[in-house]
>>> print(open('final29.cif').read())   # mmCIF, N, CA and C atoms and all ligand atoms
data_final
#
loop_
_atom_site.group_PDB
_atom_site.id
_atom_site.type_symbol
_atom_site.label_atom_id
_atom_site.label_comp_id
_atom_site.auth_asym_id
_atom_site.auth_seq_id
_atom_site.Cartn_x
_atom_site.Cartn_y
_atom_site.Cartn_z
ATOM 1 N N MET E 548 0.851 -1.208 0.000
ATOM 2 C CA MET E 548 0.000 0.000 0.000
ATOM 3 C C MET E 548 0.881 1.250 0.000
ATOM 4 N N ASN E 549 0.640 2.163 -0.931
ATOM 5 C CA ASN E 549 1.517 3.326 -1.014
ATOM 6 C C ASN E 549 0.965 4.516 -0.220
ATOM 7 N N ASP E 550 1.782 5.552 -0.078
ATOM 8 C CA ASP E 550 1.461 6.675 0.809
ATOM 9 C C ASP E 550 0.246 7.472 0.360
ATOM 10 N N THR E 551 -0.026 7.462 -0.918
ATOM 11 C CA THR E 551 -1.093 8.303 -1.444
ATOM 12 C C THR E 551 -2.447 7.601 -1.436
ATOM 13 N N PHE E 552 -2.472 6.388 -0.953
ATOM 14 C CA PHE E 552 -3.693 5.582 -1.034
ATOM 15 C C PHE E 552 -4.898 6.295 -0.404
ATOM 16 N N PHE E 553 -4.700 6.914 0.757
ATOM 17 C CA PHE E 553 -5.827 7.533 1.451
ATOM 18 C C PHE E 553 -6.041 9.003 1.075
ATOM 19 N N ILE E 554 -5.166 9.517 0.240
ATOM 20 C CA ILE E 554 -5.254 10.935 -0.139
ATOM 21 C C ILE E 554 -5.986 11.099 -1.462
ATOM 22 N N LYS E 555 -5.804 10.169 -2.331
ATOM 23 C CA LYS E 555 -6.343 10.299 -3.680
ATOM 24 C C LYS E 555 -7.856 10.428 -3.680
ATOM 25 N N LYS E 556 -8.344 11.315 -4.530
ATOM 26 C CA LYS E 556 -9.786 11.517 -4.641
ATOM 27 C C LYS E 556 -10.329 10.978 -5.956
ATOM 28 N N ASN E 557 -9.417 10.688 -6.874
ATOM 29 C CA ASN E 557 -9.865 10.204 -8.171
ATOM 30 C C ASN E 557 -9.181 8.887 -8.525
ATOM 31 N N CYS E 558 -9.892 8.102 -9.241
ATOM 32 C CA CYS E 558 -9.392 6.806 -9.678
ATOM 33 C C CYS E 558 -8.195 6.972 -10.607
ATOM 34 N N ASP E 559 -7.135 6.210 -10.374
ATOM 35 C CA ASP E 559 -5.950 6.278 -11.232
ATOM 36 C C ASP E 559 -6.241 5.811 -12.647
ATOM 37 N N ARG E 560 -7.236 4.981 -12.786
ATOM 38 C CA ARG E 560 -7.479 4.357 -14.084
ATOM 39 C C ARG E 560 -8.489 5.118 -14.916
ATOM 40 N N CYS E 561 -9.636 5.434 -14.357
ATOM 41 C CA CYS E 561 -10.683 6.081 -15.152
ATOM 42 C C CYS E 561 -10.885 7.542 -14.739
ATOM 43 N N ASN E 562 -10.204 7.962 -13.673
ATOM 44 C CA ASN E 562 -10.206 9.356 -13.217
ATOM 45 C C ASN E 562 -11.536 9.830 -12.652
ATOM 46 N N SER E 563 -12.461 8.927 -12.421
ATOM 47 C CA SER E 563 -13.710 9.343 -11.800
ATOM 48 C C SER E 563 -13.520 9.444 -10.288
ATOM 49 N N GLU E 564 -14.402 10.165 -9.626
ATOM 50 C CA GLU E 564 -14.298 10.361 -8.184
ATOM 51 C C GLU E 564 -14.425 9.021 -7.445
ATOM 52 N N ILE E 565 -13.541 8.804 -6.496
ATOM 53 C CA ILE E 565 -13.550 7.533 -5.774
ATOM 54 C C ILE E 565 -14.499 7.610 -4.587
ATOM 55 N N LYS E 566 -15.455 6.727 -4.566
ATOM 56 C CA LYS E 566 -16.342 6.618 -3.409
ATOM 57 C C LYS E 566 -15.933 5.424 -2.557
ATOM 58 N N VAL E 567 -15.651 4.336 -3.221
ATOM 59 C CA VAL E 567 -15.120 3.157 -2.533
ATOM 60 C C VAL E 567 -13.731 2.902 -3.089
ATOM 61 N N ARG E 568 -12.741 2.967 -2.218
ATOM 62 C CA ARG E 568 -11.342 2.955 -2.612
ATOM 63 C C ARG E 568 -10.793 1.533 -2.564
ATOM 64 N N THR E 569 -10.204 1.105 -3.626
ATOM 65 C CA THR E 569 -9.585 -0.222 -3.623
ATOM 66 C C THR E 569 -8.217 -0.153 -4.274
ATOM 67 N N MET E 570 -7.406 -1.143 -3.991
ATOM 68 C CA MET E 570 -6.125 -1.287 -4.670
ATOM 69 C C MET E 570 -6.306 -2.211 -5.855
ATOM 70 N N SER E 571 -5.624 -1.858 -6.935
ATOM 71 C CA SER E 571 -5.610 -2.756 -8.080
ATOM 72 C C SER E 571 -4.903 -4.054 -7.708
ATOM 73 N N TRP E 572 -5.397 -5.159 -8.241
ATOM 74 C CA TRP E 572 -4.720 -6.441 -8.064
ATOM 75 C C TRP E 572 -3.475 -6.511 -8.940
ATOM 76 N N PHE E 573 -3.557 -5.908 -10.105
ATOM 77 C CA PHE E 573 -2.498 -6.073 -11.099
ATOM 78 C C PHE E 573 -1.407 -5.012 -11.005
ATOM 79 N N THR E 574 -1.776 -3.807 -10.550
ATOM 80 C CA THR E 574 -0.804 -2.709 -10.488
ATOM 81 C C THR E 574 -0.868 -2.076 -9.106
ATOM 82 N N ASN E 575 -0.074 -1.026 -8.872
ATOM 83 C CA ASN E 575 -0.127 -0.346 -7.577
ATOM 84 C C ASN E 575 -1.044 0.872 -7.617
ATOM 85 N N GLU E 576 -1.965 0.899 -8.566
ATOM 86 C CA GLU E 576 -2.899 2.007 -8.688
ATOM 87 C C GLU E 576 -4.002 1.937 -7.634
ATOM 88 N N THR E 577 -4.492 3.112 -7.253
ATOM 89 C CA THR E 577 -5.693 3.214 -6.437
ATOM 90 C C THR E 577 -6.865 3.370 -7.389
ATOM 91 N N ILE E 578 -7.824 2.477 -7.285
ATOM 92 C CA ILE E 578 -8.909 2.478 -8.272
ATOM 93 C C ILE E 578 -10.276 2.491 -7.601
ATOM 94 N N CYS E 579 -11.272 2.858 -8.377
ATOM 95 C CA CYS E 579 -12.639 2.923 -7.869
ATOM 96 C C CYS E 579 -13.295 1.543 -7.945
ATOM 97 N N ILE E 580 -14.461 1.439 -7.384
ATOM 98 C CA ILE E 580 -15.128 0.136 -7.319
ATOM 99 C C ILE E 580 -15.491 -0.376 -8.711
ATOM 100 N N GLU E 581 -15.846 0.532 -9.608
ATOM 101 C CA GLU E 581 -16.186 0.090 -10.961
ATOM 102 C C GLU E 581 -14.981 -0.567 -11.640
ATOM 103 N N CYS E 582 -13.818 0.063 -11.487
ATOM 104 C CA CYS E 582 -12.611 -0.509 -12.088
ATOM 105 C C CYS E 582 -12.226 -1.801 -11.381
ATOM 106 N N SER E 583 -12.495 -1.865 -10.078
ATOM 107 C CA SER E 583 -12.203 -3.080 -9.320
ATOM 108 C C SER E 583 -13.069 -4.236 -9.807
ATOM 109 N N ILE E 584 -14.329 -3.940 -10.087
ATOM 110 C CA ILE E 584 -15.234 -4.974 -10.604
ATOM 111 C C ILE E 584 -14.736 -5.465 -11.956
ATOM 112 N N ALA E 585 -14.265 -4.534 -12.783
ATOM 113 C CA ALA E 585 -13.729 -4.916 -14.086
ATOM 114 C C ALA E 585 -12.507 -5.820 -13.911
ATOM 115 N N GLU E 586 -11.657 -5.499 -12.933
ATOM 116 C CA GLU E 586 -10.495 -6.343 -12.663
ATOM 117 C C GLU E 586 -10.913 -7.723 -12.171
ATOM 118 N N THR E 587 -11.924 -7.746 -11.324
ATOM 119 C CA THR E 587 -12.409 -9.029 -10.813
ATOM 120 C C THR E 587 -12.862 -9.915 -11.960
ATOM 121 N N GLU E 588 -13.499 -9.298 -12.938
ATOM 122 C CA GLU E 588 -13.958 -10.044 -14.107
ATOM 123 C C GLU E 588 -12.758 -10.594 -14.887
ATOM 124 N N ILE E 589 -11.714 -9.788 -15.029
ATOM 125 C CA ILE E 589 -10.494 -10.259 -15.705
ATOM 126 C C ILE E 589 -9.871 -11.413 -14.920
ATOM 127 N N LYS E 590 -9.768 -11.228 -13.599
ATOM 128 C CA LYS E 590 -9.160 -12.253 -12.746
ATOM 129 C C LYS E 590 -9.906 -13.574 -12.867
ATOM 130 N N ARG E 591 -11.230 -13.470 -12.879
ATOM 131 C CA ARG E 591 -12.065 -14.658 -12.920
ATOM 132 C C ARG E 591 -11.771 -15.504 -14.161
ATOM 133 N N ARG E 592 -11.346 -14.823 -15.227
ATOM 134 C CA ARG E 592 -11.130 -15.524 -16.497
ATOM 135 C C ARG E 592 -9.685 -15.954 -16.692
ATOM 136 N N LEU E 593 -8.805 -15.549 -15.770
ATOM 137 C CA LEU E 593 -7.406 -15.947 -15.860
ATOM 138 C C LEU E 593 -7.198 -17.308 -15.182
ATOM 139 N N PRO E 594 -6.142 -18.010 -15.567
ATOM 140 C CA PRO E 594 -5.822 -19.264 -14.864
ATOM 141 C C PRO E 594 -5.592 -18.991 -13.380
ATOM 142 N N ASP E 595 -6.063 -19.856 -12.514
ATOM 143 C CA ASP E 595 -5.920 -19.707 -11.052
ATOM 144 C C ASP E 595 -6.436 -18.366 -10.548
ATOM 145 N N ASN E 596 -7.493 -17.856 -11.150
ATOM 146 C CA ASN E 596 -8.066 -16.567 -10.745
ATOM 147 C C ASN E 596 -7.048 -15.444 -10.731
ATOM 148 N N GLY E 597 -6.081 -15.491 -11.631
ATOM 149 C CA GLY E 597 -5.103 -14.409 -11.753
ATOM 150 C C GLY E 597 -4.063 -14.364 -10.660
ATOM 151 N N LYS E 598 -3.934 -15.451 -9.919
ATOM 152 C CA LYS E 598 -3.002 -15.490 -8.789
ATOM 153 C C LYS E 598 -1.576 -15.127 -9.214
ATOM 154 N N ASN E 599 -1.188 -15.599 -10.387
ATOM 155 C CA ASN E 599 0.178 -15.366 -10.851
ATOM 156 C C ASN E 599 0.371 -13.967 -11.406
ATOM 157 N N TYR E 600 -0.696 -13.176 -11.451
ATOM 158 C CA TYR E 600 -0.614 -11.844 -12.034
ATOM 159 C C TYR E 600 -0.631 -10.745 -10.979
ATOM 160 N N GLU E 601 -0.618 -11.092 -9.709
ATOM 161 C CA GLU E 601 -0.678 -10.074 -8.659
ATOM 162 C C GLU E 601 0.531 -9.148 -8.761
ATOM 163 N N GLY E 602 0.255 -7.847 -8.881
ATOM 164 C CA GLY E 602 1.329 -6.852 -8.935
ATOM 165 C C GLY E 602 2.166 -6.908 -10.193
ATOM 166 N N CYS E 603 1.621 -7.478 -11.265
ATOM 167 C CA CYS E 603 2.420 -7.650 -12.478
ATOM 168 C C CYS E 603 2.664 -6.323 -13.192
ATOM 169 N N GLY E 604 1.890 -5.275 -12.861
ATOM 170 C CA GLY E 604 2.160 -3.948 -13.406
ATOM 171 C C GLY E 604 1.376 -3.596 -14.655
ATOM 172 N N TYR E 605 0.537 -4.490 -15.113
ATOM 173 C CA TYR E 605 -0.293 -4.201 -16.282
ATOM 174 C C TYR E 605 -1.578 -5.001 -16.188
ATOM 175 N N LEU E 606 -2.536 -4.628 -17.012
ATOM 176 C CA LEU E 606 -3.781 -5.380 -17.071
ATOM 177 C C LEU E 606 -3.664 -6.456 -18.150
ATOM 178 N N PRO E 607 -3.695 -7.706 -17.761
ATOM 179 C CA PRO E 607 -3.615 -8.770 -18.766
ATOM 180 C C PRO E 607 -4.788 -8.691 -19.734
ATOM 181 N N LYS E 608 -4.515 -8.940 -20.989
ATOM 182 C CA LYS E 608 -5.586 -8.999 -21.981
ATOM 183 C C LYS E 608 -6.047 -10.444 -22.093
ATOM 184 N N ILE E 609 -7.314 -10.646 -21.770
ATOM 185 C CA ILE E 609 -7.839 -11.998 -21.701
ATOM 186 C C ILE E 609 -7.603 -12.751 -23.010
ATOM 187 N N GLU E 610 -7.796 -12.057 -24.131
ATOM 188 C CA GLU E 610 -7.680 -12.729 -25.429
ATOM 189 C C GLU E 610 -6.270 -13.310 -25.597
ATOM 190 N N GLU E 611 -5.254 -12.547 -25.131
ATOM 191 C CA GLU E 611 -3.878 -12.995 -25.292
ATOM 192 C C GLU E 611 -3.568 -14.154 -24.346
ATOM 193 N N VAL E 612 -4.100 -14.061 -23.119
ATOM 194 C CA VAL E 612 -3.824 -15.104 -22.127
ATOM 195 C C VAL E 612 -4.400 -16.430 -22.561
ATOM 196 N N LEU E 613 -5.593 -16.382 -23.134
ATOM 197 C CA LEU E 613 -6.299 -17.607 -23.453
ATOM 198 C C LEU E 613 -5.992 -18.142 -24.839
ATOM 199 N N SER E 614 -5.274 -17.390 -25.640
ATOM 200 C CA SER E 614 -4.982 -17.842 -27.005
ATOM 201 C C SER E 614 -3.743 -18.742 -27.030
HETATM 202 ZN ZN ZN C 701 -12.045 3.822 -11.964
#
>>> encode(input="final29.cif", output="structure tokens", more="lines below")
Ligand SMILES: [Zn+2]
Amino acid sequence: MNDTFFIKKNCDRCNSEIKVRTMSWFTNETICIECSIAETEIKRRLPDNGKNYEGCGYLPKIEEVLS
């Protein structure tokens, strides 16, 4: 967890106002709940629920992972 986690008011990914603050699974970004839900959907489709992708620094593209 980085120092700016509790200070940020906007999502690092979509820049909308953060109401529910979460950490990205894949990167060190602070993201909103909508982006978190999108990540959960990506994780769900990855092998082992994306376990091997924690903190990988990018959003895996499902099409590439599964091809
Ligand atoms: Zn967002």
>>> closest_residue(input="final29.cif", among="E:Glu576, E:Asp550, E:Thr587, E:Glu581", to="Ser563 (chain E)", atoms="only C-alpha atoms")
E:Glu581
>>> closest_residue(input="final29.cif", among="E:Lys608, E:Lys598, E:Arg568, E:Lys555", to="Ser583 (chain E)", atoms="only C-alpha atoms")
E:Arg568
>>> select_by_dssp(input="final29.cif", residues="chain E", states="strand (DSSP E or B)", output="list of chain:residue names")
E:Asn557, E:Glu564, E:Thr569, E:Met570, E:Thr577, E:Ile578
>>> residues_near_ligand(input="final29.cif", ligand="ligand ZN 701 (chain C)", cutoff="12 Å", atoms="only C-alpha atoms and all ligand atoms", output="list of chain:residue names")
E:Lys555, E:Lys556, E:Asn557, E:Cys558, E:Asp559, E:Arg560, E:Cys561, E:Asn562, E:Ser563, E:Glu564, E:Ile565, E:Lys566, E:Val567, E:Arg568, E:Thr569, E:Met570, E:Ser571, E:Glu576, E:Thr577, E:Ile578, E:Cys579, E:Ile580, E:Glu581, E:Cys582, E:Ser583, E:Ile584, E:Ala585, E:Glu586
>>> atom_distance(input="final29.cif", atom1="CA of Asn575 (chain E)", atom2="CA of Asn596 (chain E)")
18.3 Å
>>> atom_distance(input="final29.cif", atom1="CA of Arg592 (chain E)", atom2="CA of Tyr605 (chain E)")
15.7 Å
>>> select_by_dssp(input="final29.cif", residues="chain E", states="alpha helix (DSSP H)", output="CSV table (one decimal) with N, CA and C atoms, in the frame of the given file")
chain,number,residue,atom,x,y,z
E,580,ILE,N,-14.5,1.4,-7.4
E,580,ILE,CA,-15.1,0.1,-7.3
E,580,ILE,C,-15.5,-0.4,-8.7
E,581,GLU,N,-15.8,0.5,-9.6
E,581,GLU,CA,-16.2,0.1,-11.0
E,581,GLU,C,-15.0,-0.6,-11.6
E,582,CYS,N,-13.8,0.1,-11.5
E,582,CYS,CA,-12.6,-0.5,-12.1
E,582,CYS,C,-12.2,-1.8,-11.4
E,583,SER,N,-12.5,-1.9,-10.1
E,583,SER,CA,-12.2,-3.1,-9.3
E,583,SER,C,-13.1,-4.2,-9.8
E,584,ILE,N,-14.3,-3.9,-10.1
E,584,ILE,CA,-15.2,-5.0,-10.6
E,584,ILE,C,-14.7,-5.5,-12.0
E,585,ALA,N,-14.3,-4.5,-12.8
E,585,ALA,CA,-13.7,-4.9,-14.1
E,585,ALA,C,-12.5,-5.8,-13.9
E,586,GLU,N,-11.7,-5.5,-12.9
E,586,GLU,CA,-10.5,-6.3,-12.7
E,586,GLU,C,-10.9,-7.7,-12.2
E,587,THR,N,-11.9,-7.7,-11.3
E,587,THR,CA,-12.4,-9.0,-10.8
E,587,THR,C,-12.9,-9.9,-12.0
E,588,GLU,N,-13.5,-9.3,-12.9
E,588,GLU,CA,-14.0,-10.0,-14.1
E,588,GLU,C,-12.8,-10.6,-14.9
E,589,ILE,N,-11.7,-9.8,-15.0
E,589,ILE,CA,-10.5,-10.3,-15.7
E,589,ILE,C,-9.9,-11.4,-14.9
E,590,LYS,N,-9.8,-11.2,-13.6
E,590,LYS,CA,-9.2,-12.3,-12.7
E,590,LYS,C,-9.9,-13.6,-12.9
E,591,ARG,N,-11.2,-13.5,-12.9
E,591,ARG,CA,-12.1,-14.7,-12.9
E,591,ARG,C,-11.8,-15.5,-14.2
E,592,ARG,N,-11.3,-14.8,-15.2
E,592,ARG,CA,-11.1,-15.5,-16.5
E,592,ARG,C,-9.7,-16.0,-16.7
E,609,ILE,N,-7.3,-10.6,-21.8
E,609,ILE,CA,-7.8,-12.0,-21.7
E,609,ILE,C,-7.6,-12.8,-23.0
E,610,GLU,N,-7.8,-12.1,-24.1
E,610,GLU,CA,-7.7,-12.7,-25.4
E,610,GLU,C,-6.3,-13.3,-25.6
E,611,GLU,N,-5.3,-12.5,-25.1
E,611,GLU,CA,-3.9,-13.0,-25.3
E,611,GLU,C,-3.6,-14.2,-24.3
E,612,VAL,N,-4.1,-14.1,-23.1
E,612,VAL,CA,-3.8,-15.1,-22.1
E,612,VAL,C,-4.4,-16.4,-22.6
E,613,LEU,N,-5.6,-16.4,-23.1
E,613,LEU,CA,-6.3,-17.6,-23.5
E,613,LEU,C,-6.0,-18.1,-24.8
>>> closest_residue(input="final29.cif", among="E:Thr574, E:Leu593, E:Phe553, E:Glu588", to="Val612 (chain E)", atoms="all atoms listed in the file")
E:Leu593
>>> atom_distance(input="final29.cif", atom1="CA of Glu611 (chain E)", atom2="atom N of Lys590 (chain E)")
13.2 Å
>>> resolve_selection(input="final29.cif", expression="the PyMOL selection byres (((chain E and resi 573 and name CA) around 7) and not hetatm and name CA)", output="PyMOL selection string")
chain E and resi 571-572+574+600-606
>>> build_atoms(input="final29.cif", residues="region 571-595 of chain E", atoms="N, CA, C and O atoms", output="PDB file, in the coordinates of the input")
ATOM      1  N   SER E 571      -5.624  -1.858  -6.935  1.00  0.00           N
ATOM      2  CA  SER E 571      -5.610  -2.756  -8.080  1.00  0.00           C
ATOM      3  C   SER E 571      -4.903  -4.054  -7.708  1.00  0.00           C
ATOM      4  O   SER E 571      -3.930  -4.046  -6.955  1.00  0.00           O
ATOM      5  N   TRP E 572      -5.397  -5.159  -8.241  1.00  0.00           N
ATOM      6  CA  TRP E 572      -4.720  -6.441  -8.064  1.00  0.00           C
ATOM      7  C   TRP E 572      -3.475  -6.511  -8.940  1.00  0.00           C
ATOM      8  O   TRP E 572      -2.453  -7.071  -8.565  1.00  0.00           O
ATOM      9  N   PHE E 573      -3.557  -5.908 -10.105  1.00  0.00           N
ATOM     10  CA  PHE E 573      -2.498  -6.073 -11.099  1.00  0.00           C
ATOM     11  C   PHE E 573      -1.407  -5.012 -11.005  1.00  0.00           C
ATOM     12  O   PHE E 573      -0.262  -5.255 -11.366  1.00  0.00           O
ATOM     13  N   THR E 574      -1.776  -3.807 -10.550  1.00  0.00           N
ATOM     14  CA  THR E 574      -0.804  -2.709 -10.488  1.00  0.00           C
ATOM     15  C   THR E 574      -0.868  -2.076  -9.106  1.00  0.00           C
ATOM     16  O   THR E 574      -1.629  -2.503  -8.250  1.00  0.00           O
ATOM     17  N   ASN E 575      -0.074  -1.026  -8.872  1.00  0.00           N
ATOM     18  CA  ASN E 575      -0.127  -0.346  -7.577  1.00  0.00           C
ATOM     19  C   ASN E 575      -1.044   0.872  -7.617  1.00  0.00           C
ATOM     20  O   ASN E 575      -0.927   1.782  -6.807  1.00  0.00           O
ATOM     21  N   GLU E 576      -1.965   0.899  -8.566  1.00  0.00           N
ATOM     22  CA  GLU E 576      -2.899   2.007  -8.688  1.00  0.00           C
ATOM     23  C   GLU E 576      -4.002   1.937  -7.634  1.00  0.00           C
ATOM     24  O   GLU E 576      -4.381   0.857  -7.201  1.00  0.00           O
ATOM     25  N   THR E 577      -4.492   3.112  -7.253  1.00  0.00           N
ATOM     26  CA  THR E 577      -5.693   3.214  -6.437  1.00  0.00           C
ATOM     27  C   THR E 577      -6.865   3.370  -7.389  1.00  0.00           C
ATOM     28  O   THR E 577      -6.891   4.289  -8.197  1.00  0.00           O
ATOM     29  N   ILE E 578      -7.824   2.477  -7.285  1.00  0.00           N
ATOM     30  CA  ILE E 578      -8.909   2.478  -8.272  1.00  0.00           C
ATOM     31  C   ILE E 578     -10.276   2.491  -7.601  1.00  0.00           C
ATOM     32  O   ILE E 578     -10.403   2.161  -6.426  1.00  0.00           O
ATOM     33  N   CYS E 579     -11.272   2.858  -8.377  1.00  0.00           N
ATOM     34  CA  CYS E 579     -12.639   2.923  -7.869  1.00  0.00           C
ATOM     35  C   CYS E 579     -13.295   1.543  -7.945  1.00  0.00           C
ATOM     36  O   CYS E 579     -12.747   0.606  -8.539  1.00  0.00           O
ATOM     37  N   ILE E 580     -14.461   1.439  -7.384  1.00  0.00           N
ATOM     38  CA  ILE E 580     -15.128   0.136  -7.319  1.00  0.00           C
ATOM     39  C   ILE E 580     -15.491  -0.376  -8.711  1.00  0.00           C
ATOM     40  O   ILE E 580     -15.426  -1.574  -8.982  1.00  0.00           O
ATOM     41  N   GLU E 581     -15.846   0.532  -9.608  1.00  0.00           N
ATOM     42  CA  GLU E 581     -16.186   0.090 -10.961  1.00  0.00           C
ATOM     43  C   GLU E 581     -14.981  -0.567 -11.640  1.00  0.00           C
ATOM     44  O   GLU E 581     -15.100  -1.616 -12.275  1.00  0.00           O
ATOM     45  N   CYS E 582     -13.818   0.063 -11.487  1.00  0.00           N
ATOM     46  CA  CYS E 582     -12.611  -0.509 -12.088  1.00  0.00           C
ATOM     47  C   CYS E 582     -12.226  -1.801 -11.381  1.00  0.00           C
ATOM     48  O   CYS E 582     -11.711  -2.731 -11.998  1.00  0.00           O
ATOM     49  N   SER E 583     -12.495  -1.865 -10.078  1.00  0.00           N
ATOM     50  CA  SER E 583     -12.203  -3.080  -9.320  1.00  0.00           C
ATOM     51  C   SER E 583     -13.069  -4.236  -9.807  1.00  0.00           C
ATOM     52  O   SER E 583     -12.596  -5.369  -9.937  1.00  0.00           O
ATOM     53  N   ILE E 584     -14.329  -3.940 -10.087  1.00  0.00           N
ATOM     54  CA  ILE E 584     -15.234  -4.974 -10.604  1.00  0.00           C
ATOM     55  C   ILE E 584     -14.736  -5.465 -11.956  1.00  0.00           C
ATOM     56  O   ILE E 584     -14.748  -6.662 -12.245  1.00  0.00           O
ATOM     57  N   ALA E 585     -14.265  -4.534 -12.783  1.00  0.00           N
ATOM     58  CA  ALA E 585     -13.729  -4.916 -14.086  1.00  0.00           C
ATOM     59  C   ALA E 585     -12.507  -5.820 -13.911  1.00  0.00           C
ATOM     60  O   ALA E 585     -12.335  -6.798 -14.641  1.00  0.00           O
ATOM     61  N   GLU E 586     -11.657  -5.499 -12.933  1.00  0.00           N
ATOM     62  CA  GLU E 586     -10.495  -6.343 -12.663  1.00  0.00           C
ATOM     63  C   GLU E 586     -10.913  -7.723 -12.171  1.00  0.00           C
ATOM     64  O   GLU E 586     -10.313  -8.724 -12.542  1.00  0.00           O
ATOM     65  N   THR E 587     -11.924  -7.746 -11.324  1.00  0.00           N
ATOM     66  CA  THR E 587     -12.409  -9.029 -10.813  1.00  0.00           C
ATOM     67  C   THR E 587     -12.862  -9.915 -11.960  1.00  0.00           C
ATOM     68  O   THR E 587     -12.615 -11.125 -11.966  1.00  0.00           O
ATOM     69  N   GLU E 588     -13.499  -9.298 -12.938  1.00  0.00           N
ATOM     70  CA  GLU E 588     -13.958 -10.044 -14.107  1.00  0.00           C
ATOM     71  C   GLU E 588     -12.758 -10.594 -14.887  1.00  0.00           C
ATOM     72  O   GLU E 588     -12.774 -11.736 -15.348  1.00  0.00           O
ATOM     73  N   ILE E 589     -11.714  -9.788 -15.029  1.00  0.00           N
ATOM     74  CA  ILE E 589     -10.494 -10.259 -15.705  1.00  0.00           C
ATOM     75  C   ILE E 589      -9.871 -11.413 -14.920  1.00  0.00           C
ATOM     76  O   ILE E 589      -9.525 -12.451 -15.483  1.00  0.00           O
ATOM     77  N   LYS E 590      -9.768 -11.228 -13.599  1.00  0.00           N
ATOM     78  CA  LYS E 590      -9.160 -12.253 -12.746  1.00  0.00           C
ATOM     79  C   LYS E 590      -9.906 -13.574 -12.867  1.00  0.00           C
ATOM     80  O   LYS E 590      -9.312 -14.644 -12.921  1.00  0.00           O
ATOM     81  N   ARG E 591     -11.230 -13.470 -12.879  1.00  0.00           N
ATOM     82  CA  ARG E 591     -12.065 -14.658 -12.920  1.00  0.00           C
ATOM     83  C   ARG E 591     -11.771 -15.504 -14.161  1.00  0.00           C
ATOM     84  O   ARG E 591     -11.922 -16.721 -14.156  1.00  0.00           O
ATOM     85  N   ARG E 592     -11.346 -14.823 -15.227  1.00  0.00           N
ATOM     86  CA  ARG E 592     -11.130 -15.524 -16.497  1.00  0.00           C
ATOM     87  C   ARG E 592      -9.685 -15.954 -16.692  1.00  0.00           C
ATOM     88  O   ARG E 592      -9.363 -16.653 -17.648  1.00  0.00           O
ATOM     89  N   LEU E 593      -8.805 -15.549 -15.770  1.00  0.00           N
ATOM     90  CA  LEU E 593      -7.406 -15.947 -15.860  1.00  0.00           C
ATOM     91  C   LEU E 593      -7.198 -17.308 -15.182  1.00  0.00           C
ATOM     92  O   LEU E 593      -7.963 -17.674 -14.294  1.00  0.00           O
ATOM     93  N   PRO E 594      -6.142 -18.010 -15.567  1.00  0.00           N
ATOM     94  CA  PRO E 594      -5.822 -19.264 -14.864  1.00  0.00           C
ATOM     95  C   PRO E 594      -5.592 -18.991 -13.380  1.00  0.00           C
ATOM     96  O   PRO E 594      -4.984 -17.972 -13.025  1.00  0.00           O
ATOM     97  N   ASP E 595      -6.063 -19.856 -12.514  1.00  0.00           N
ATOM     98  CA  ASP E 595      -5.920 -19.707 -11.052  1.00  0.00           C
ATOM     99  C   ASP E 595      -6.436 -18.366 -10.548  1.00  0.00           C
ATOM    100  O   ASP E 595      -5.867 -17.785  -9.619  1.00  0.00           O
TER     101      ASP E 595
END
